[in-house]
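So this one's upload_5.pdb, PDB, C-alpha atoms, pLDDT in the B column:
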```pdb
ATOM      1  CA  MET A   3     157.516 -58.071 -47.681  1.00 43.00           C
ATOM      2  CA  PHE A   4     157.244 -54.307 -47.340  1.00 47.00           C
ATOM      3  CA  LEU A   5     158.835 -51.749 -49.643  1.00 50.00           C
ATOM      4  CA  ALA A   6     161.191 -49.298 -48.000  1.00 53.00           C
ATOM      5  CA  ILE A   7     159.730 -45.838 -47.486  1.00 60.00           C
ATOM      6  CA  ASN A   8     162.186 -42.980 -47.375  1.00 64.00           C
ATOM      7  CA  ASP A   9     161.870 -39.804 -45.334  1.00 65.00           C
ATOM      8  CA  ASN A  10     160.756 -37.722 -48.301  1.00 66.00           C
ATOM      9  CA  ASP A  11     157.802 -40.026 -48.909  1.00 61.00           C
ATOM     10  CA  ILE A  12     156.778 -39.788 -45.267  1.00 67.00           C
ATOM     11  CA  HIS A  13     157.185 -36.013 -45.248  1.00 63.00           C
ATOM     12  CA  ASN A  14     155.047 -35.672 -48.371  1.00 62.00           C
ATOM     13  CA  ILE A  15     152.308 -37.837 -46.879  1.00 64.00           C
ATOM     14  CA  VAL A  16     152.267 -35.851 -43.634  1.00 65.00           C
ATOM     15  CA  LEU A  17     152.310 -32.528 -45.487  1.00 61.00           C
ATOM     16  CA  SER A  18     149.473 -33.612 -47.762  1.00 61.00           C
ATOM     17  CA  TYR A  19     147.385 -34.576 -44.738  1.00 58.00           C
ATOM     18  CA  LEU A  20     148.038 -31.238 -43.019  1.00 61.00           C
ATOM     19  CA  VAL A  21     147.202 -29.229 -46.140  1.00 61.00           C
ATOM     20  CA  HIS A  22     144.094 -31.347 -46.734  1.00 56.00           C
ATOM     21  CA  ASN A  23     142.780 -30.497 -43.266  1.00 58.00           C
ATOM     22  CA  CYS A  24     143.801 -26.809 -43.324  1.00 55.00           C
ATOM     23  CA  TYR A  25     146.283 -27.018 -40.450  1.00 53.00           C
ATOM     24  CA  LYS A  26     148.161 -23.958 -41.671  1.00 59.00           C
ATOM     25  CA  GLU A  27     150.252 -23.218 -38.583  1.00 59.00           C
ATOM     26  CA  THR A  28     151.282 -26.851 -38.340  1.00 62.00           C
ATOM     27  CA  VAL A  29     152.121 -26.828 -42.058  1.00 60.00           C
ATOM     28  CA  ASP A  30     154.392 -23.813 -41.543  1.00 60.00           C
ATOM     29  CA  SER A  31     156.126 -25.474 -38.583  1.00 68.00           C
ATOM     30  CA  PHE A  32     156.481 -28.794 -40.394  1.00 62.00           C
ATOM     31  CA  ILE A  33     157.999 -27.131 -43.472  1.00 68.00           C
ATOM     32  CA  SER A  34     160.390 -25.174 -41.272  1.00 65.00           C
ATOM     33  CA  CYS A  35     161.497 -28.314 -39.407  1.00 73.00           C
ATOM     34  CA  THR A  36     161.915 -30.539 -42.465  1.00 71.00           C
ATOM     35  CA  GLY A  37     163.255 -27.965 -44.914  1.00 64.00           C
ATOM     36  CA  MET A  38     160.623 -28.905 -47.477  1.00 68.00           C
ATOM     37  CA  LYS A  39     159.538 -26.504 -50.174  1.00 66.00           C
ATOM     38  CA  GLN A  40     156.311 -24.685 -49.421  1.00 63.00           C
ATOM     39  CA  PRO A  41     153.474 -25.888 -51.707  1.00 60.00           C
ATOM     40  CA  ALA A  42     152.440 -22.355 -52.665  1.00 58.00           C
ATOM     41  CA  ASN A  43     149.438 -23.301 -54.784  1.00 56.00           C
ATOM     42  CA  CYS A  44     147.856 -25.337 -52.002  1.00 60.00           C
ATOM     43  CA  LEU A  45     148.518 -22.790 -49.279  1.00 61.00           C
ATOM     44  CA  GLU A  46     146.989 -19.902 -51.217  1.00 63.00           C
ATOM     45  CA  ASP A  47     143.455 -21.129 -50.611  1.00 76.00           C
ATOM     46  CA  MET A  48     143.937 -22.805 -47.263  1.00 77.00           C
ATOM     47  CA  GLU A  49     142.587 -19.964 -45.142  1.00 78.00           C
ATOM     48  CA  MET A  50     139.560 -19.622 -47.422  1.00 83.00           C
ATOM     49  CA  ARG A  51     138.914 -23.377 -47.277  1.00 84.00           C
ATOM     50  CA  LYS A  52     139.192 -23.282 -43.513  1.00 83.00           C
ATOM     51  CA  ARG A  53     136.602 -20.495 -43.332  1.00 89.00           C
ATOM     52  CA  ILE A  54     134.282 -22.352 -45.697  1.00 91.00           C
ATOM     53  CA  LEU A  55     134.466 -25.552 -43.684  1.00 89.00           C
ATOM     54  CA  HIS A  56     134.033 -23.647 -40.435  1.00 91.00           C
ATOM     55  CA  PHE A  57     130.776 -22.131 -41.695  1.00 94.00           C
ATOM     56  CA  ALA A  58     129.549 -25.490 -42.976  1.00 92.00           C
ATOM     57  CA  LEU A  59     130.251 -27.169 -39.644  1.00 90.00           C
ATOM     58  CA  GLU A  60     128.637 -24.330 -37.722  1.00 89.00           C
ATOM     59  CA  GLY A  61     125.458 -24.539 -39.817  1.00 83.00           C
ATOM     60  CA  ASN A  62     125.980 -21.263 -41.697  1.00 93.00           C
ATOM     61  CA  ALA A  63     125.646 -22.977 -45.054  1.00 94.00           C
ATOM     62  CA  LEU A  64     124.711 -19.870 -47.047  1.00 95.00           C
ATOM     63  CA  LYS A  65     128.019 -18.244 -46.106  1.00 95.00           C
ATOM     64  CA  ALA A  66     129.833 -21.477 -46.963  1.00 94.00           C
ATOM     65  CA  ILE A  67     128.140 -21.450 -50.374  1.00 95.00           C
ATOM     66  CA  GLU A  68     129.030 -17.787 -50.938  1.00 95.00           C
ATOM     67  CA  LEU A  69     132.715 -18.337 -50.153  1.00 93.00           C
ATOM     68  CA  THR A  70     132.826 -21.560 -52.168  1.00 93.00           C
ATOM     69  CA  GLU A  71     131.537 -19.693 -55.219  1.00 92.00           C
ATOM     70  CA  GLU A  72     134.245 -17.084 -54.686  1.00 89.00           C
ATOM     71  CA  LEU A  73     136.955 -19.720 -54.446  1.00 85.00           C
ATOM     72  CA  ALA A  74     135.688 -22.085 -57.146  1.00 85.00           C
ATOM     73  CA  GLN A  75     133.079 -20.319 -59.232  1.00 83.00           C
ATOM     74  CA  ASP A  76     131.528 -23.276 -61.046  1.00 88.00           C
ATOM     75  CA  LEU A  77     132.099 -25.991 -58.437  1.00 92.00           C
ATOM     76  CA  LEU A  78     128.557 -26.132 -57.050  1.00 93.00           C
ATOM     77  CA  GLU A  79     127.006 -25.645 -60.462  1.00 91.00           C
ATOM     78  CA  LYS A  80     128.755 -28.792 -61.638  1.00 91.00           C
ATOM     79  CA  ASN A  81     128.262 -30.721 -58.391  1.00 94.00           C
ATOM     80  CA  LYS A  82     124.499 -30.676 -57.817  1.00 95.00           C
ATOM     81  CA  ASP A  83     124.650 -33.292 -55.047  1.00 95.00           C
ATOM     82  CA  LEU A  84     126.988 -31.123 -53.004  1.00 95.00           C
ATOM     83  CA  HIS A  85     124.939 -27.997 -53.699  1.00 96.00           C
ATOM     84  CA  PHE A  86     121.799 -29.778 -52.500  1.00 96.00           C
ATOM     85  CA  ASP A  87     123.533 -30.975 -49.344  1.00 95.00           C
ATOM     86  CA  LEU A  88     124.757 -27.472 -48.492  1.00 96.00           C
ATOM     87  CA  LEU A  89     121.302 -25.987 -49.058  1.00 96.00           C
ATOM     88  CA  SER A  90     119.845 -28.724 -46.874  1.00 95.00           C
ATOM     89  CA  LEU A  91     122.150 -27.641 -44.042  1.00 95.00           C
ATOM     90  CA  HIS A  92     120.564 -24.193 -44.110  1.00 96.00           C
ATOM     91  CA  PHE A  93     117.090 -25.708 -44.156  1.00 96.00           C
ATOM     92  CA  VAL A  94     117.968 -27.846 -41.142  1.00 94.00           C
ATOM     93  CA  GLU A  95     119.327 -24.815 -39.307  1.00 94.00           C
ATOM     94  CA  LEU A  96     116.024 -23.004 -39.845  1.00 94.00           C
ATOM     95  CA  VAL A  97     114.098 -26.033 -38.587  1.00 93.00           C
ATOM     96  CA  CYS A  98     116.292 -26.293 -35.487  1.00 90.00           C
ATOM     97  CA  SER A  99     115.695 -22.587 -34.829  1.00 91.00           C
ATOM     98  CA  ARG A 100     111.922 -23.255 -35.047  1.00 92.00           C
ATOM     99  CA  LYS A 101     111.646 -20.887 -38.031  1.00 93.00           C
ATOM    100  CA  CYS A 102     109.207 -23.207 -39.786  1.00 91.00           C
ATOM    101  CA  THR A 103     107.631 -20.620 -42.094  1.00 94.00           C
ATOM    102  CA  GLU A 104     111.038 -19.424 -43.243  1.00 95.00           C
ATOM    103  CA  ALA A 105     112.190 -23.024 -43.642  1.00 94.00           C
ATOM    104  CA  LEU A 106     109.163 -23.845 -45.790  1.00 94.00           C
ATOM    105  CA  GLU A 107     109.689 -20.794 -47.987  1.00 95.00           C
ATOM    106  CA  PHE A 108     113.372 -21.649 -48.377  1.00 95.00           C
ATOM    107  CA  ALA A 109     112.543 -25.233 -49.295  1.00 94.00           C
ATOM    108  CA  GLN A 110     110.020 -24.104 -51.902  1.00 93.00           C
ATOM    109  CA  THR A 111     112.423 -21.706 -53.589  1.00 94.00           C
ATOM    110  CA  LYS A 112     115.766 -23.498 -53.211  1.00 95.00           C
ATOM    111  CA  LEU A 113     115.187 -27.201 -52.578  1.00 94.00           C
ATOM    112  CA  THR A 114     111.985 -28.037 -54.469  1.00 92.00           C
ATOM    113  CA  PRO A 115     113.585 -27.473 -57.910  1.00 92.00           C
ATOM    114  CA  PHE A 116     115.841 -30.460 -57.172  1.00 94.00           C
ATOM    115  CA  GLY A 117     112.688 -32.595 -57.043  1.00 91.00           C
ATOM    116  CA  LYS A 118     112.641 -32.641 -60.831  1.00 91.00           C
ATOM    117  CA  VAL A 119     115.417 -35.241 -60.547  1.00 92.00           C
ATOM    118  CA  GLN A 120     114.243 -38.538 -59.091  1.00 92.00           C
ATOM    119  CA  LYS A 121     117.262 -39.199 -56.883  1.00 92.00           C
ATOM    120  CA  TYR A 122     116.489 -36.102 -54.806  1.00 94.00           C
ATOM    121  CA  VAL A 123     112.806 -36.898 -54.214  1.00 94.00           C
ATOM    122  CA  GLU A 124     113.328 -39.187 -51.220  1.00 92.00           C
ATOM    123  CA  LYS A 125     115.825 -36.794 -49.670  1.00 93.00           C
ATOM    124  CA  LEU A 126     113.368 -33.926 -50.067  1.00 93.00           C
ATOM    125  CA  GLU A 127     110.627 -35.957 -48.421  1.00 93.00           C
ATOM    126  CA  ASP A 128     112.866 -36.677 -45.433  1.00 93.00           C
ATOM    127  CA  PHE A 129     113.791 -33.034 -44.979  1.00 94.00           C
ATOM    128  CA  MET A 130     110.235 -31.772 -45.408  1.00 93.00           C
ATOM    129  CA  ALA A 131     109.018 -34.345 -42.894  1.00 93.00           C
ATOM    130  CA  LEU A 132     111.040 -32.560 -40.209  1.00 93.00           C
ATOM    131  CA  LEU A 133     108.477 -29.746 -40.319  1.00 91.00           C
ATOM    132  CA  ALA A 134     105.781 -32.104 -39.065  1.00 91.00           C
ATOM    133  CA  TYR A 135     107.445 -32.570 -35.666  1.00 91.00           C
ATOM    134  CA  GLU A 136     107.390 -30.151 -32.752  1.00 88.00           C
ATOM    135  CA  GLU A 137     110.687 -31.690 -31.689  1.00 90.00           C
ATOM    136  CA  PRO A 138     112.411 -32.633 -34.961  1.00 91.00           C
ATOM    137  CA  GLU A 139     115.453 -33.883 -33.060  1.00 88.00           C
ATOM    138  CA  LYS A 140     113.246 -36.731 -31.825  1.00 89.00           C
ATOM    139  CA  SER A 141     111.884 -37.587 -35.252  1.00 90.00           C
ATOM    140  CA  PRO A 142     112.948 -40.620 -37.324  1.00 92.00           C
ATOM    141  CA  MET A 143     115.037 -38.189 -39.410  1.00 90.00           C
ATOM    142  CA  PHE A 144     116.962 -36.875 -36.397  1.00 91.00           C
ATOM    143  CA  HIS A 145     120.292 -37.777 -38.026  1.00 92.00           C
ATOM    144  CA  LEU A 146     119.792 -34.926 -40.514  1.00 93.00           C
ATOM    145  CA  LEU A 147     120.128 -32.505 -37.597  1.00 92.00           C
ATOM    146  CA  SER A 148     123.291 -34.061 -36.243  1.00 90.00           C
ATOM    147  CA  LEU A 149     126.852 -32.818 -36.205  1.00 90.00           C
ATOM    148  CA  GLU A 150     127.758 -36.023 -38.054  1.00 92.00           C
ATOM    149  CA  TYR A 151     125.614 -34.959 -41.004  1.00 92.00           C
ATOM    150  CA  ARG A 152     127.244 -31.518 -41.135  1.00 93.00           C
ATOM    151  CA  GLN A 153     130.608 -33.277 -40.823  1.00 92.00           C
ATOM    152  CA  HIS A 154     129.743 -35.485 -43.795  1.00 93.00           C
ATOM    153  CA  VAL A 155     128.769 -32.506 -45.945  1.00 94.00           C
ATOM    154  CA  ALA A 156     131.855 -30.542 -44.900  1.00 92.00           C
ATOM    155  CA  ASP A 157     134.128 -33.486 -45.733  1.00 89.00           C
ATOM    156  CA  ASN A 158     132.541 -33.789 -49.176  1.00 93.00           C
ATOM    157  CA  LEU A 159     132.897 -30.059 -49.756  1.00 92.00           C
ATOM    158  CA  ASN A 160     136.563 -30.074 -48.784  1.00 88.00           C
ATOM    159  CA  ARG A 161     137.192 -33.069 -51.029  1.00 87.00           C
ATOM    160  CA  ALA A 162     135.410 -31.418 -53.965  1.00 90.00           C
ATOM    161  CA  ILE A 163     137.485 -28.255 -53.613  1.00 86.00           C
ATOM    162  CA  LEU A 164     140.699 -30.264 -53.456  1.00 80.00           C
ATOM    163  CA  GLU A 165     139.766 -32.393 -56.466  1.00 79.00           C
ATOM    164  CA  ARG A 166     140.112 -29.399 -58.740  1.00 70.00           C
ATOM    165  CA  PRO A 167     143.014 -29.799 -61.207  1.00 60.00           C
ATOM    166  CA  ARG A 168     145.463 -27.730 -59.175  1.00 54.00           C
ATOM    167  CA  TYR A 169     145.102 -30.139 -56.227  1.00 49.00           C
ATOM    168  CA  ALA A 170     144.754 -33.387 -58.156  1.00 46.00           C
ATOM    169  CA  ALA A 171     148.249 -34.707 -57.352  1.00 48.00           C
ATOM    170  CA  MET A 172     147.827 -34.109 -53.629  1.00 50.00           C
ATOM    171  CA  GLU A 173     144.428 -35.831 -53.548  1.00 49.00           C
ATOM    172  CA  ARG A 174     145.830 -38.846 -55.406  1.00 52.00           C
ATOM    173  CA  LEU A 175     148.536 -39.105 -52.760  1.00 55.00           C
ATOM    174  CA  ILE A 176     145.931 -38.939 -49.996  1.00 55.00           C
ATOM    175  CA  GLN A 177     143.843 -41.646 -51.660  1.00 54.00           C
ATOM    176  CA  GLN A 178     146.888 -43.858 -52.124  1.00 57.00           C
ATOM    177  CA  THR A 179     147.916 -43.332 -48.502  1.00 59.00           C
ATOM    178  CA  THR A 180     144.441 -44.307 -47.308  1.00 60.00           C
ATOM    179  CA  ALA A 181     144.585 -47.468 -49.426  1.00 60.00           C
ATOM    180  CA  VAL A 182     148.002 -48.371 -47.971  1.00 61.00           C
ATOM    181  CA  ARG A 183     146.706 -47.879 -44.421  1.00 61.00           C
ATOM    182  CA  GLN A 184     143.768 -50.182 -45.169  1.00 65.00           C
ATOM    183  CA  CYS A 185     146.095 -52.858 -46.541  1.00 64.00           C
ATOM    184  CA  LEU A 186     148.364 -52.566 -43.512  1.00 61.00           C
ATOM    185  CA  SER A 187     145.352 -52.779 -41.239  1.00 64.00           C
ATOM    186  CA  GLN A 188     144.293 -56.046 -42.875  1.00 66.00           C
ATOM    187  CA  GLU A 189     147.810 -57.449 -42.810  1.00 61.00           C
ATOM    188  CA  LEU A 190     148.459 -56.545 -39.194  1.00 62.00           C
ATOM    189  CA  GLY A 191     144.938 -57.286 -37.997  1.00 59.00           C
ATOM    190  CA  LYS A 192     144.598 -53.856 -36.461  1.00 50.00           C
ATOM    191  CA  ASP A 193     141.910 -51.228 -36.752  1.00 48.00           C
ATOM    192  CA  VAL A 194     143.757 -48.333 -38.350  1.00 44.00           C
ATOM    193  CA  HIS A 195     141.492 -45.319 -38.639  1.00 46.00           C
ATOM    194  CA  PRO A 196     141.780 -43.069 -41.716  1.00 45.00           C
ATOM    195  CA  PRO A 197     143.293 -39.714 -40.782  1.00 43.00           C
ATOM    196  CA  PHE A 198     141.421 -37.489 -43.193  1.00 40.00           C
ATOM    197  CA  SER A 199     138.226 -36.692 -41.309  1.00 42.00           C
ATOM    198  CA  LEU A 200     137.448 -33.107 -40.388  1.00 39.00           C
ATOM    199  CA  LYS A 201     136.286 -34.271 -36.956  1.00 39.00           C
ATOM    200  CA  ASP A 202     139.005 -32.311 -35.182  1.00 42.00           C
ATOM    201  CA  PHE A 203     138.942 -29.462 -37.686  1.00 35.00           C
ATOM    202  CA  MET A 204     137.751 -26.854 -35.198  1.00 38.00           C
ATOM    203  CA  LYS A 205     140.730 -27.590 -32.951  1.00 43.00           C
ATOM    204  CA  SER A 206     143.307 -26.391 -35.475  1.00 42.00           C
TER     205      SER A 206
END
```

I'd like the structure from this file rewritten - as structure tokens, please.
Amino acid sequence: MFLAINDNDIHNIVLSYLVHNCYKETVDSFISCTGMKQPANCLEDMEMRKRILHFALEGNALKAIELTEELAQDLLEKNKDLHFDLLSLHFVELVCSRKCTEALEFAQTKLTPFGKVQKYVEKLEDFMALLAYEEPEKSPMFHLLSLEYRQHVADNLNRAILERPRYAAMERLIQQTTAVRQCLSQELGKDVHPPFSLKDFMKS
């Protein structure tokens, strides 16, 4: 037996998804069509988030870090895993550009300090191993150079920004919606894909 879902619930779910993925023009159109109130707090930072995620996906991680620190000053300081991942994107970009000396210097100054914590040691070894290959894209660590890896980091960054207190309610709604979709998928025996990936981000 399914609980009835009214139009307002559906509208809120759709709006939360659009805001989550920075589809600003679609948000404006959706609000205009439905007569919903504009979620001012969420829209304030949407353009900045979109720029941050664009730079992360394009491999310009240092710019993504700079803008993230402008938007949420202590976010990366508190989230060391995310900070490491963003720095690793820049390292990978240097490796892909065959700037091995610059990559090594960057790793020594920015990444090596993370090696004081055990959980980063294996990750550091994988990244540093890329320098040993003339064609790192053919190495066993090739996945670190992939768009999927940048996608993963960008998704985590977007989620971290939205998990700040001002966005907490919206993120809870997104998490609940994802859980409902999973339950429906199991009940109906269908493969229902979660809608919150940034895979099509660049198309918005």

Sort by chain and increasing residue number a table of all residues of region 102-172 of chain A within 9 Å of region 53-61 of chain A, each with its closest pair of atoms and their distance in Å to one decimal, counting only C-alpha atoms, and write it as a Markdown table.
```
| residue | atom | partner | partner_atom | distance |
| --- | --- | --- | --- | --- |
| A:Leu149 | CA | A:Leu59 | CA | 7.4 |
| A:Arg152 | CA | A:Leu59 | CA | 5.5 |
| A:Gln153 | CA | A:Leu59 | CA | 6.2 |
| A:Val155 | CA | A:Ala58 | CA | 7.7 |
| A:Ala156 | CA | A:Leu55 | CA | 5.8 |
| A:Asp157 | CA | A:Leu55 | CA | 8.2 |
| A:Leu159 | CA | A:Leu55 | CA | 7.7 |
| A:Asn160 | CA | A:Leu55 | CA | 7.1 |
```

How would the residues just picked look written out with C-alpha atoms as a tab-separated table (two decimals), in the frame of the given file?
```tsv
chain	number	residue	atom	x	y	z
A	149	LEU	CA	126.85	-32.82	-36.20
A	152	ARG	CA	127.24	-31.52	-41.14
A	153	GLN	CA	130.61	-33.28	-40.82
A	155	VAL	CA	128.77	-32.51	-45.94
A	156	ALA	CA	131.85	-30.54	-44.90
A	157	ASP	CA	134.13	-33.49	-45.73
A	159	LEU	CA	132.90	-30.06	-49.76
A	160	ASN	CA	136.56	-30.07	-48.78
```

Residue with smallest distance to Asp76 (chain A) - pool A:Lys52, A:Arg166, A:Lys125, A:His145, counting only C-alpha atoms: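 Closest residue, counting only C-alpha atoms: A:Arg166.
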
State, in Å with one decimal place, the distance from CA of Leu77 (chain A) to CA of Leu89 (chain A).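 Separating CA of Leu77 (chain A) from CA of Leu89 (chain A) is a distance of 14.3 Å.
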
Residue with smallest distance to Leu133 (chain A) - pool A:Gln120, A:Arg161, A:His85, A:Val94, counting only C-alpha atoms: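 For Leu133 (chain A), the nearest of the candidates is A:Val94.
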
Once the PyMOL selection byres ((chain A and resi 109-118) around 10) has been applied to the shown file, what residues remain in the selection, as a compact mmCIF listing (two decimals) with C-alpha atoms, in the frame of the given file?
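File selection_35.txt, as written:
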```
# COMPACT_ATOMS: atom_id res chain seq x y z
CA LYS A 82 124.50 -30.68 -57.82
CA ASP A 83 124.65 -33.29 -55.05
CA HIS A 85 124.94 -28.00 -53.70
CA PHE A 86 121.80 -29.78 -52.50
CA ASP A 87 123.53 -30.98 -49.34
CA LEU A 89 121.30 -25.99 -49.06
CA SER A 90 119.84 -28.72 -46.87
CA HIS A 92 120.56 -24.19 -44.11
CA PHE A 93 117.09 -25.71 -44.16
CA THR A 103 107.63 -20.62 -42.09
CA GLU A 104 111.04 -19.42 -43.24
CA ALA A 105 112.19 -23.02 -43.64
CA LEU A 106 109.16 -23.84 -45.79
CA GLU A 107 109.69 -20.79 -47.99
CA PHE A 108 113.37 -21.65 -48.38
CA VAL A 119 115.42 -35.24 -60.55
CA GLN A 120 114.24 -38.54 -59.09
CA LYS A 121 117.26 -39.20 -56.88
CA TYR A 122 116.49 -36.10 -54.81
CA VAL A 123 112.81 -36.90 -54.21
CA GLU A 124 113.33 -39.19 -51.22
CA LYS A 125 115.82 -36.79 -49.67
CA LEU A 126 113.37 -33.93 -50.07
CA GLU A 127 110.63 -35.96 -48.42
CA PHE A 129 113.79 -33.03 -44.98
CA MET A 130 110.24 -31.77 -45.41
```

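The nearest approach to Asn158 (chain A) among the residues A:Gln75, A:Glu137, A:Leu96, A:Leu84, with all atoms listed in the file taken into account, belongs to A:Leu84.
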
Taking only C-alpha atoms into account, which of A:Cys35, A:Ile163, A:Leu132, A:Met143 comes nearest Lys101 (chain A)?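 Under the stated criterion, the closest residue is A:Leu132.
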
Rounded to one decimal place, report the CA of Ala162 (chain A)-CA of Ala131 (chain A) distance in Å.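 We find that CA of Ala162 (chain A) and CA of Ala131 (chain A) lie 28.8 Å from each other.
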
Is there a way to get, as a ChimeraX atom specification, all residues within 12 Å of the point (136.5, -18.2, -54.7) in file coordinates, counting all atoms listed in the file? /A:46-51,53-54,66-78,163

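Distances from A:Glu79, A:Val97, A:Lys65, A:Tyr135 to Leu147 (chain A) were compared using all atoms listed in the file, and the smallest one belongs to A:Val97.
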
With distances taken over only C-alpha atoms, which residue among A:Lys80, A:Thr36, A:Leu64, A:Ser99 lies nearest Glu139 (chain A)?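 The closest residue to Glu139 (chain A) is A:Ser99.
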